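Written below as structure tokens is the structure these notes are about.
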There are 2 protein chains.
Amino acid sequence: MKRDETMVNAYVPGQGHLPPEDQALIARRQRLLGPAYRLFYETPVHLVRGDGVWLYDAHGKAYLDCYNNVASLGHCHPHVIAATARQAGIYASHTRYLNEVVLDCAEKLLSHFPPELSNVMFTCTGSEANDLALRIAFAQTGGTGVIVTQNAYHGVTHTVAGLSPSLGSGVALGQHVRTIPAPDAAHLTGDLGQAFAAEVQKAIDDLQRHGIKPAVLIVDTVFSSDGVFADPAGFLKPAAEAIRQAGGLFIADEVQPGFGRTGSHWWGFQRHGLIPDMVSLGKPMGNGYPVAALVLRPEVLAEFGAKGRYFNTFGGNAVAAATAIAVMEVIEQENLLQNAATVGAHMAEGLRALAQRHAALGPLRATGLFFGQDITRGGEPDAKEAARIVNALRDAGVLISATGPKGHVLKIRPPLILQKAEADIFLDKLDQVL
Amino acid sequence: MKRDETMVNAYVPGQGHLPPEDQALIARRQRLLGPAYRLFYETPVHLVRGDGVWLYDAHGKAYLDCYNNVASLGHCHPHVIAATARQAGIYASHTRYLNEVVLDCAEKLLSHFPPELSNVMFTCTGSEANDLALRIAFAQTGGTGVIVTQNAYHGVTHTVAGLSPSLGSGVALGQHVRTIPAPDAAHLTGDLGQAFAAEVQKAIDDLQRHGIKPAVLIVDTVFSSDGVFADPAGFLKPAAEAIRQAGGLFIADEVQPGFGRTGSHWWGFQRHGLIPDMVSLGKPMGNGYPVAALVLRPEVLAEFGAKGRYFNTFGGNAVAAATAIAVMEVIEQENLLQNAATVGAHMAEGLRALAQRHAALGPLRATGLFFGQDITRGGEPDAKEAARIVNALRDAGVLISATGPKGHVLKIRPPLILQKAEADIFLDKLDQVL
């Protein structure tokens with residue numbers, strides 16, 4: 001079957017065996033939304049309802065959601081919906097008037113960060129948060145050089161798309177952007193932290209050789225789109241030191257790992273014993289409501305704050321703030337970090353047990369409820385088999401996807417509320433599919 | 001009183017006479033949000049509740065909102081809140097699964113556009129919509145040159161902030177950006193359309209002289225931040241033709257004028273008898289919920305669609321789509337275009353009558369419920385008096401602001417549900433203040 005060159009697990013129009021009503025829906029979608037949108041799966045899923053860890057299609061078929069990291073508290077969480085609706089009925093306006101809700105949200109958010117990170121700025125999307133981080137870093141450092149990993153994804157604005165090589169060769173990287181290999185212990189030799197920092201240093205040297213001042217090293221702290229690289233905890237520290245020694249800033253992109261996904265901590269960078277200059281947040285922050293943020297050391301904001309102002313009409317509006325507060329309350333009250341750690345360990349153990357019986361299951365990289373499971377054949381990446389597994393699981397009622405530069409890494413990210421019995425459903429279905 | 005150099009009507013910390021509780025709130029805000037945020041007014045307003053055209057402060061004082069164009073249907077509109085809450089309880093996920101709500105929204109939205117504009121892409125903010133428009137234009141034209149007006153504002157991403165001169169001299173314009181004078185009949189001579197197109201042509205020539213291929217002319221179709229320039233209807237057409245003849249595209253930024261603000265039409269460009277290549281939408285689209293969009297001619301999307309994919313996690317999610325549908329339903333069912341036209345004409349008439357008695361009221365530019373009222377002294381711009389009026393109205397319980405490169409234009413944009421009796425309150429208070 002033909003593949004979409006620009007995206008793993010994309011539906012290729014005209015292929016597959018779809019029921020007539022879905023064909024009609026796809027045609028309507030194509031007519032209205034145009035050619036740039038993509039659907040998941042060889043046979044796209046037509047979803048109409050969500051509830052906890054379950055999603056339901058138009059025929060009532062249930063899918064265990066082991067993929068979507070936005071509805072991290074489960075789909076349609078009642079506490080969050082109620083908070084959104086309550087605040088929407090009271091006051092929804094922006095940050096140019098005094099209002100306490102956005103400050104309550106900021107305070108609660110910052111209470112989960114080390115004290116050095118004491119400012120927060122609100123946006124609507126992770127893309128906007130990363131884009132703002134770049135603007136601030138350019139102003140602060142006077143530099144324009146940016147270092148990212150080879151299959152990084154940091155968002156869709158013109159600037160951050162230009163530092164997101166995973167969008168494919170059709171989207172040009174910025175001329176001041178340099179890519180480095182992912183921190184993959186299987187390919188970098190020696191101490192991983194030192195080896196990764198050496199790659200950062202090479203990129204710094206190359207930028208400087210071209211007369212470009214290094215401004216930023218930005219990484220997703222679990223390297224989601226590179227294939228999930230989380231261990232050994234601590235390996236990121238020398239890389240962050242390298243960019244700082246070159247006068248640049250270290251930005252932790254926590255859009256995917258943040259808000260407890262890793263189980264052990266609220267934020268992925270905390271596993272590495274370092275404190276970033278800026279931390280971008282997004283996806284799970286509103287459990288579906290568009291709210292995102294950038295958390296910073298105040299000292300990196302000095303130049304940007306002196307030169308101009310920041311206003312994002314919807315960013316930090318009172319409803320967004322109330323919603324994010326409710327999300328944090330649920331994470332705290334339902335002990336979701338603990339749950340992610342416990343159920344995550346159970347799931348990882350199950351995957352390793354399956355690997356004893358199924359040769360296709362290669363190395364597993366996992367932290368909390370975030371898994372990168374290599375699919376290999378004779379030790380080599382097997383993207384075709386990964387795609388088969390992803391699509392067969394979809395047919396079996398389990399949603400995951402694939403990632404990595406070679407497309408052979410199963411990307412598994414269930415909601416943080418997942419229970420062991422539900423993890424076992426996933427493991428059973430995977431076993432059957434294999 | 002000291003002014004903020006980067007923003008008209010900004011609160012300058014440490015000035016004014018604030019009650020202790022507001023001083024504490026401002027200090028807390030400064031500590032949490034940092035130095036880049038700005039408040040309105042010499043004495044900031046601490047708002048806690050909104051209802052229709054009214055906002056209420058912490059002491060219960062009511063303010064007639066004649067400024068905020070997000071809550072265009074009135075604050076906390078019950079039909080919109082109910083639609084958001086209903087959909088949030090059913091399904092909230094994104095555009096990589098089939099779902100009908102986003103298609104229903106797209107279809108309803110496009111039904112209000114001429115048939116040539118038949119594709120829509122969803123974002124969360126107007127900034128993201130303009131940023132996406134630029135990405136698409138760069139891909140389609142192969143050019144990078146951008147033309148904007150001298151005090152334009154198109155958003156806050158790195159790319160669109162670089163073409164928003166109204167952000168102040170601390171925010172550098174992009175090196176491929178050229179500015180042209182606003183279409184101000186008081187300063188351009190001869191036929192306004194031809195004169196404005198001649199300015200566009202000069203910018204095209206300058207770009208080409210520097211080896212830069214023109215890609216885009218982007219304008220807010222009522223030139224909000226330039227001081228509101230709406231008449232004579234039709235003047236934009238030659239400018240759009242000029243950029244197209246040079247191989248570029250014409251983008252109508254409808255974030256402020258769109259969704260009926262001008263009274264006569266859904267979109268500001270329609271007053272000018274032209275069809276843009278792309279139309280960006282934002283602020284009032286969700287009446288407070290973060291939803292925005294880009295509407296396009298399919299032919300301009302060909303290159304972008306062929307080279308890559310577009311995905312915005314929250315853009316076009318089912319709740320955003322349901323909310324935007326509800327907003328359009330209210331505009332239709334409450335006949336808000338008609339109301340904007342009728343009450344707008346009444347308000348304009350009232351302003352002109354006041355100008356007979358108050359010398360400070362200079363030229364008025366108005367369309368529907370969007371007014372730019374010059375404040376002058378001896379025919380010269382009087383920003384100081386404009387600021388006095390804005391702040392005195394705030395004290396009198398009416399919210400407006402000021403704009404324009406010289407800060408002397410009162411910016412008046414009440415919700416589209418404003419009634420004549422409420423317009424009269426505004427006119428009475430303005431009369432008293434003057």
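Residue numbering restarts at 1 for every chain of the structure tokens, chains are lettered A, B, ... in their displayed order, and ligands are numbered from 1 as they appear.
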
Skipping near chain neighbours, those fewer than 5 positions away, what residues fall within 9 Å of segment 383-392 of chain B using only C-alpha atoms, listed as a list in words?
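Near segment 383-392 of chain B, the qualifying residues are Val8, Asn9, Tyr41, Glu42, Thr43, Ala360, Asp374, Ile375, Thr376, Arg377, Gly397, Val398, Leu399, Ile400, Ser401, Ala402, Lys406, Gly407, His408, Val409, Leu410, Leu430, Val433 and Leu434 of chain B.
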
Write a file of the just-selected residues containing C-alpha atoms, as an mmCIF file, in the first residue's frame.
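The resulting file, part_1.cif, is reproduced below:
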data_model
loop_
_atom_site.group_PDB
_atom_site.id
_atom_site.type_symbol
_atom_site.label_atom_id
_atom_site.label_comp_id
_atom_site.auth_asym_id
_atom_site.auth_seq_id
_atom_site.Cartn_x
_atom_site.Cartn_y
_atom_site.Cartn_z
ATOM 1 C CA VAL B 8 -1.492 53.773 23.599
ATOM 2 C CA ASN B 9 -3.672 53.552 26.719
ATOM 3 C CA TYR B 41 -5.915 52.753 31.590
ATOM 4 C CA GLU B 42 -4.159 55.081 33.993
ATOM 5 C CA THR B 43 -6.174 53.312 36.679
ATOM 6 C CA ALA B 360 -11.975 68.258 20.190
ATOM 7 C CA ASP B 374 -10.087 61.709 15.710
ATOM 8 C CA ILE B 375 -9.330 63.972 18.649
ATOM 9 C CA THR B 376 -7.768 67.187 17.426
ATOM 10 C CA ARG B 377 -6.783 70.636 18.603
ATOM 11 C CA GLY B 397 -18.280 53.606 33.398
ATOM 12 C CA VAL B 398 -17.676 53.344 29.652
ATOM 13 C CA LEU B 399 -14.829 51.317 28.135
ATOM 14 C CA ILE B 400 -13.163 52.436 24.897
ATOM 15 C CA SER B 401 -9.519 52.859 23.888
ATOM 16 C CA ALA B 402 -7.343 54.872 21.512
ATOM 17 C CA LYS B 406 -0.246 59.215 16.836
ATOM 18 C CA GLY B 407 -2.582 57.783 19.470
ATOM 19 C CA HIS B 408 -5.241 60.430 18.851
ATOM 20 C CA VAL B 409 -7.985 58.205 17.449
ATOM 21 C CA LEU B 410 -10.702 56.984 19.792
ATOM 22 C CA LEU B 430 -18.886 61.277 26.138
ATOM 23 C CA VAL B 433 -16.525 64.012 29.636
ATOM 24 C CA LEU B 434 -15.919 66.521 26.850
#

Dump as number ranges by chain the residues of chain B that approach chain A to within 7 Å, counting only C-alpha atoms.
B: 6, 29, 32-40, 44-50, 76, 81, 85, 88-92, 96-99, 103, 106-107, 118-121, 124, 128, 131-132, 135, 157-159, 167-168, 170-171, 288, 290, 298, 305, 307-311, 314

Atom CA of Glu241 of chain A to atom CA of Gly162 of chain A, distance in Å rounded to a single decimal:
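Separating atom CA of Glu241 of chain A from atom CA of Gly162 of chain A is a distance of 24.3 Å.
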
Considering only C-alpha atoms, return as a ChimeraX atom specification whatever protein or nucleic-acid residues lie within 8 Å of Ala198 of chain B, sequence-local ones (same chain, fewer than 4 positions apart) excluded.
/B:194,202,239

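Among the candidate residues B:Gly190, B:Tyr153, B:Thr179, B:Ala240, the one lying nearest to Glu254 of chain B is B:Tyr153, with distances computed using only C-alpha atoms.
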
Figure out the distance between atom CA of Trp267 of chain B and atom CA of Gln338 of chain B, please, to one decimal in Å.
13.7 Å
